[in-house]
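S.K.: The structure follows.
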Amino acid sequence: MKKYNFLSVILLGIALNSCNETKNIQNSVFSIDNSKFKLQYTPNDALDINIINSNSKTIDSIVFYVNDKKIASNKGNTPFKLDFKDQKLGFQNVKAIVFFEGQNSEATTSVELVSNIQPKLLKYTIVNTYPHDNAAYTQGLEFYRDTLYEGTGNGAGNGTGIKGISSLRKTNYKTGEVYKKVELADQYFGEGITILNNKVYQLTWQNNEGYVYNADTFKKEKTMPYYKNMEGWGLVNDGTHLYMTDSSETIHILNPETFKPIDQIHVYSLNSKVEGVNELEWINGKIYGNVYQKDAIAVINPKNGAVEAIINLADLKKKITQLPDTDVLNGIAYNPKTKTIFVTGKNWDKMFEIKITE
């Protein structure tokens, strides 16, 4: 195994997808010939899609879809070549609607598209070390107008079992002082946060809803139900859309006004899914994501979900005070003013300002 591939598996704890066969759902009239399909493809590959016409029907045309998006229409039973170059990673659900003799019939199959990018191992230096509230079970961290915003959950401590209080807070990152704070009721477990258009968006873990606050006053303006039943983990924005994680390898791209889905990406490191993507930060056009229970950050291409680099932060755990409730690394905030990254963890007594050195 290559050095960086080994690192990506160890640091991110990626479980190789165990799909043992290519799905093929046949109907009574036509099917897609998958006899030569591979288990996995990369963006450098292409897939030849041929329709099996066992009953020798007269085919007028075939319309092809990938993940419910129309991509081609061919006359007769003409084979179609699917180029994976611009497709997002994950399972590609292929559908062919065959029009024949005044009727139509559907044939489907799916294949898995994985990454062909070898993640780089990025180096970093510690620029500064600041105090951090060791009672803060950090779930979200983000700078806005030179002020650090933090979202916390009411997770129970590792050692004492004492639950914290979910909150949204503004802090002085240099001193750890909390300027302003609003707390959630005990039944709500606060998760990731992000700030867009002077509004703070905060997720909840298992309550299936998020909240929108005025960034200045912390007045709650809206409760946003999730578009389906799922957990809320990390949250970030690209200036237009929200990006939300849910404990899996999926990052949901949402409309900030409605919380409705616009698109999604699936995170892969080489041929492996990266599950447990947690707190997120948008830095120079890339998504930086904590991976739950791992002392590492994955640098993700938001266009297709490929992990392009890894930052191993395991040494930071040795630099904090090991208190009874000290928990995992979680929390990434980019300060555009200093062009540095701030990282901390759940119930950590320190926050670190780091600079990537490549």
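How things are named: the first chain in the structure tokens is A, the next is B, and so on; residues count from 1 in each chain; ligands count from 1 in the order shown.
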Write out as a ChimeraX atom specification the set of residues from stretch 171-343 of chain A that DSSP, computed on the backbone, places in strand (DSSP E or B).
M.R.: /A:171,178-183,190-196,199-204,209-214,220-225,235-237,242-245,250-254,261-266,268-269,272-273,277-283,286-291,296-300,306-312,329-335,340-343
S.K.: Each residue of stretch 52-150 of chain A lying at most 12 Å from stretch 273-284 of chain A should get a row with its shortest atom-to-atom pair and the distance in Å to one decimal, counting only C-alpha atoms; could you produce that, ordered by chain and increasing number, as JSON lines?
M.R.:
{"residue": "A:Leu89", "atom": "CA", "partner": "A:Lys273", "partner_atom": "CA", "distance": 9.5}
{"residue": "A:Gly90", "atom": "CA", "partner": "A:Lys273", "partner_atom": "CA", "distance": 8.4}
{"residue": "A:Phe91", "atom": "CA", "partner": "A:Lys273", "partner_atom": "CA", "distance": 11.0}
{"residue": "A:Glu112", "atom": "CA", "partner": "A:Lys273", "partner_atom": "CA", "distance": 10.7}
{"residue": "A:Leu113", "atom": "CA", "partner": "A:Lys273", "partner_atom": "CA", "distance": 10.5}
{"residue": "A:Val114", "atom": "CA", "partner": "A:Lys273", "partner_atom": "CA", "distance": 8.2}
{"residue": "A:Ser115", "atom": "CA", "partner": "A:Lys273", "partner_atom": "CA", "distance": 9.4}
{"residue": "A:Thr138", "atom": "CA", "partner": "A:Glu279", "partner_atom": "CA", "distance": 9.3}
{"residue": "A:Gln139", "atom": "CA", "partner": "A:Glu279", "partner_atom": "CA", "distance": 6.5}
{"residue": "A:Gly140", "atom": "CA", "partner": "A:Glu279", "partner_atom": "CA", "distance": 6.0}
{"residue": "A:Leu141", "atom": "CA", "partner": "A:Glu279", "partner_atom": "CA", "distance": 8.0}
{"residue": "A:Glu142", "atom": "CA", "partner": "A:Glu281", "partner_atom": "CA", "distance": 7.5}
{"residue": "A:Phe143", "atom": "CA", "partner": "A:Glu281", "partner_atom": "CA", "distance": 10.0}
{"residue": "A:Glu150", "atom": "CA", "partner": "A:Glu279", "partner_atom": "CA", "distance": 11.3}
S.K.: Given only C-alpha atoms as the basis, pick out the residue of A:Gly210, A:Gly153, A:Val63, A:Lys199 nearest to A:Asp186.
M.R.: A:Gly153
S.K.: Extract, using only C-alpha atoms, all DNA, RNA and protein residues at most 12 Å from A:Asn154, discarding same-chain residues fewer than 6 positions from it, and format them as a PyMOL selection string.
M.R.: chain A and resi 135-139+161-168+183-191+204-205+346-347
S.K.: Any idea what the distance is between atom CA of A:Lys294 and atom CA of A:Lys88?
M.R.: 24.9 Å
S.K.: Please, what distance in Å, to one decimal, runs between atom CA of A:Ile300 and atom CA of A:Pro225?
M.R.: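 Atom-to-atom, atom CA of A:Ile300 to atom CA of A:Pro225, that is 26.6 Å.
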S.K.: Which one is closest to A:Asn55: A:Phe30, A:Gly239, A:Pro43, A:Lys286? Count only C-alpha atoms.
M.R.: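 Among A:Phe30, A:Gly239, A:Pro43, A:Lys286, it is A:Phe30 that comes nearest to A:Asn55.
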S.K.: Measuring between only C-alpha atoms, which one of A:Thr194, A:Thr147, A:Thr125, A:Thr245 shows the shortest distance to A:Asn172?
M.R.: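 Ranking A:Thr194, A:Thr147, A:Thr125, A:Thr245 by distance to A:Asn172, first place goes to A:Thr147.
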S.K.: Which polymer residues have any atom within 7 Å of an atom of A:Gly76, counting only C-alpha atoms, with same-chain residues fewer than 2 positions away left out, as a list in words?
M.R.: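 What passes the distance filter is Ile59, Asp60, Ser61, Ile62, Asn74 and Thr78 of chain A.
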S.K.: Closest to A:Leu329 among A:Ser269, A:Ser110, A:Asn290, A:Asn312, using only C-alpha atoms?
M.R.: A:Asn290
S.K.: Which residue out of A:Asp33, A:Glu257, A:Glu101, A:Asp45 has the minimum interatomic distance to A:Thr58 when only C-alpha atoms are used?
M.R.: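 Under the stated criterion, the closest residue is A:Glu101.
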S.K.: Which one is closest to A:Asp238: A:Asn197, A:Asn104, A:Asn93, A:Asn134? Count only C-alpha atoms.
M.R.: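 The shortest atom-to-atom distance to A:Asp238 comes from A:Asn197.
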S.K.: For A:Gln206, list every protein, DNA or RNA residue within 7 Å, evaluated using only C-alpha atoms, and leave out those in the same chain fewer than 2 positions away; present the list as a PDB file with N, CA, C and O atoms, in the first residue's frame.
M.R.:
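So the final result, stored in around20.pdb, reads:
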ATOM      1  N   THR A 204     -29.458  20.823  15.025  1.00  0.00           N
ATOM      2  CA  THR A 204     -29.606  19.962  16.194  1.00  0.00           C
ATOM      3  C   THR A 204     -29.290  18.537  15.770  1.00  0.00           C
ATOM      4  O   THR A 204     -29.376  18.192  14.594  1.00  0.00           O
ATOM      5  N   ASN A 208     -34.203  16.822  14.364  1.00  0.00           N
ATOM      6  CA  ASN A 208     -34.645  16.955  12.980  1.00  0.00           C
ATOM      7  C   ASN A 208     -35.048  18.394  12.615  1.00  0.00           C
ATOM      8  O   ASN A 208     -35.956  18.610  11.812  1.00  0.00           O
ATOM      9  N   GLU A 231     -29.822  12.862  11.038  1.00  0.00           N
ATOM     10  CA  GLU A 231     -29.108  13.561  12.087  1.00  0.00           C
ATOM     11  C   GLU A 231     -28.450  14.817  11.530  1.00  0.00           C
ATOM     12  O   GLU A 231     -28.074  14.878  10.365  1.00  0.00           O
ATOM     13  N   GLY A 232     -28.303  15.830  12.383  1.00  0.00           N
ATOM     14  CA  GLY A 232     -27.556  17.020  12.018  1.00  0.00           C
ATOM     15  C   GLY A 232     -26.192  16.981  12.670  1.00  0.00           C
ATOM     16  O   GLY A 232     -26.096  16.756  13.883  1.00  0.00           O
TER      17      GLY A 232
END
S.K.: List as a PyMOL selection string the protein and nucleic acid residues near A:Phe259, meaning an atom at most 8 Å away when only C-alpha atoms are counted, but skip any in the same chain fewer than 6 places from it.
M.R.: chain A and resi 224-227
S.K.: With only C-alpha atoms as the counted atoms, please give the residues lying no more than 12 Å from A:Asp216, apart from itself and same-chain residues fewer than 6 positions off, as an mmCIF file with N, CA and C atoms, in the first residue's frame.
M.R.:
data_model
loop_
_atom_site.group_PDB
_atom_site.id
_atom_site.type_symbol
_atom_site.label_atom_id
_atom_site.label_comp_id
_atom_site.auth_asym_id
_atom_site.auth_seq_id
_atom_site.Cartn_x
_atom_site.Cartn_y
_atom_site.Cartn_z
ATOM 1 N N TYR A 144 -16.770 35.448 12.076
ATOM 2 C CA TYR A 144 -17.639 36.356 11.341
ATOM 3 C C TYR A 144 -17.327 37.761 11.822
ATOM 4 N N ARG A 145 -16.877 38.636 10.916
ATOM 5 C CA ARG A 145 -16.495 40.009 11.245
ATOM 6 C C ARG A 145 -15.486 40.036 12.404
ATOM 7 N N THR A 147 -15.026 38.120 14.763
ATOM 8 C CA THR A 147 -15.488 37.566 16.038
ATOM 9 C C THR A 147 -15.683 36.067 15.869
ATOM 10 N N TYR A 149 -17.542 32.755 16.559
ATOM 11 C CA TYR A 149 -18.825 32.185 16.986
ATOM 12 C C TYR A 149 -18.609 30.694 17.255
ATOM 13 N N LEU A 168 -25.257 28.739 21.709
ATOM 14 C CA LEU A 168 -24.651 29.513 20.639
ATOM 15 C C LEU A 168 -23.993 30.689 21.321
ATOM 16 N N ARG A 169 -22.724 30.966 20.990
ATOM 17 C CA ARG A 169 -22.001 32.004 21.712
ATOM 18 C C ARG A 169 -21.048 32.775 20.811
ATOM 19 N N LYS A 170 -20.799 34.046 21.197
ATOM 20 C CA LYS A 170 -19.733 34.842 20.615
ATOM 21 C C LYS A 170 -18.604 34.902 21.637
ATOM 22 N N TYR A 179 -18.743 36.730 24.985
ATOM 23 C CA TYR A 179 -19.441 38.020 24.891
ATOM 24 C C TYR A 179 -20.947 37.871 25.039
ATOM 25 N N LYS A 180 -21.486 36.921 24.324
ATOM 26 C CA LYS A 180 -22.935 36.743 24.249
ATOM 27 C C LYS A 180 -23.229 35.264 24.123
ATOM 28 N N LYS A 181 -24.316 34.820 24.755
ATOM 29 C CA LYS A 181 -24.639 33.396 24.704
ATOM 30 C C LYS A 181 -26.140 33.199 24.800
ATOM 31 N N VAL A 182 -26.640 32.272 23.995
ATOM 32 C CA VAL A 182 -28.023 31.828 24.117
ATOM 33 C C VAL A 182 -27.983 30.317 24.284
ATOM 34 N N ILE A 195 -22.530 31.059 9.456
ATOM 35 C CA ILE A 195 -23.109 32.397 9.366
ATOM 36 C C ILE A 195 -23.170 32.816 7.905
ATOM 37 N N ASN A 197 -25.231 35.897 5.420
ATOM 38 C CA ASN A 197 -26.122 37.062 5.313
ATOM 39 C C ASN A 197 -26.601 37.548 6.683
ATOM 40 N N ASN A 198 -25.668 37.624 7.615
ATOM 41 C CA ASN A 198 -25.913 38.104 8.979
ATOM 42 C C ASN A 198 -26.907 37.242 9.746
ATOM 43 N N LYS A 199 -27.007 35.978 9.348
ATOM 44 C CA LYS A 199 -27.842 35.021 10.059
ATOM 45 C C LYS A 199 -26.982 33.838 10.490
ATOM 46 N N VAL A 200 -27.184 33.395 11.730
ATOM 47 C CA VAL A 200 -26.498 32.203 12.223
ATOM 48 C C VAL A 200 -27.432 31.015 12.070
#
S.K.: Could you check how far atom CA of A:Lys38 sits from atom CA of A:Ala72, in Å to one decimal?
M.R.: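 Going from atom CA of A:Lys38 over to atom CA of A:Ala72 covers 22.0 Å.
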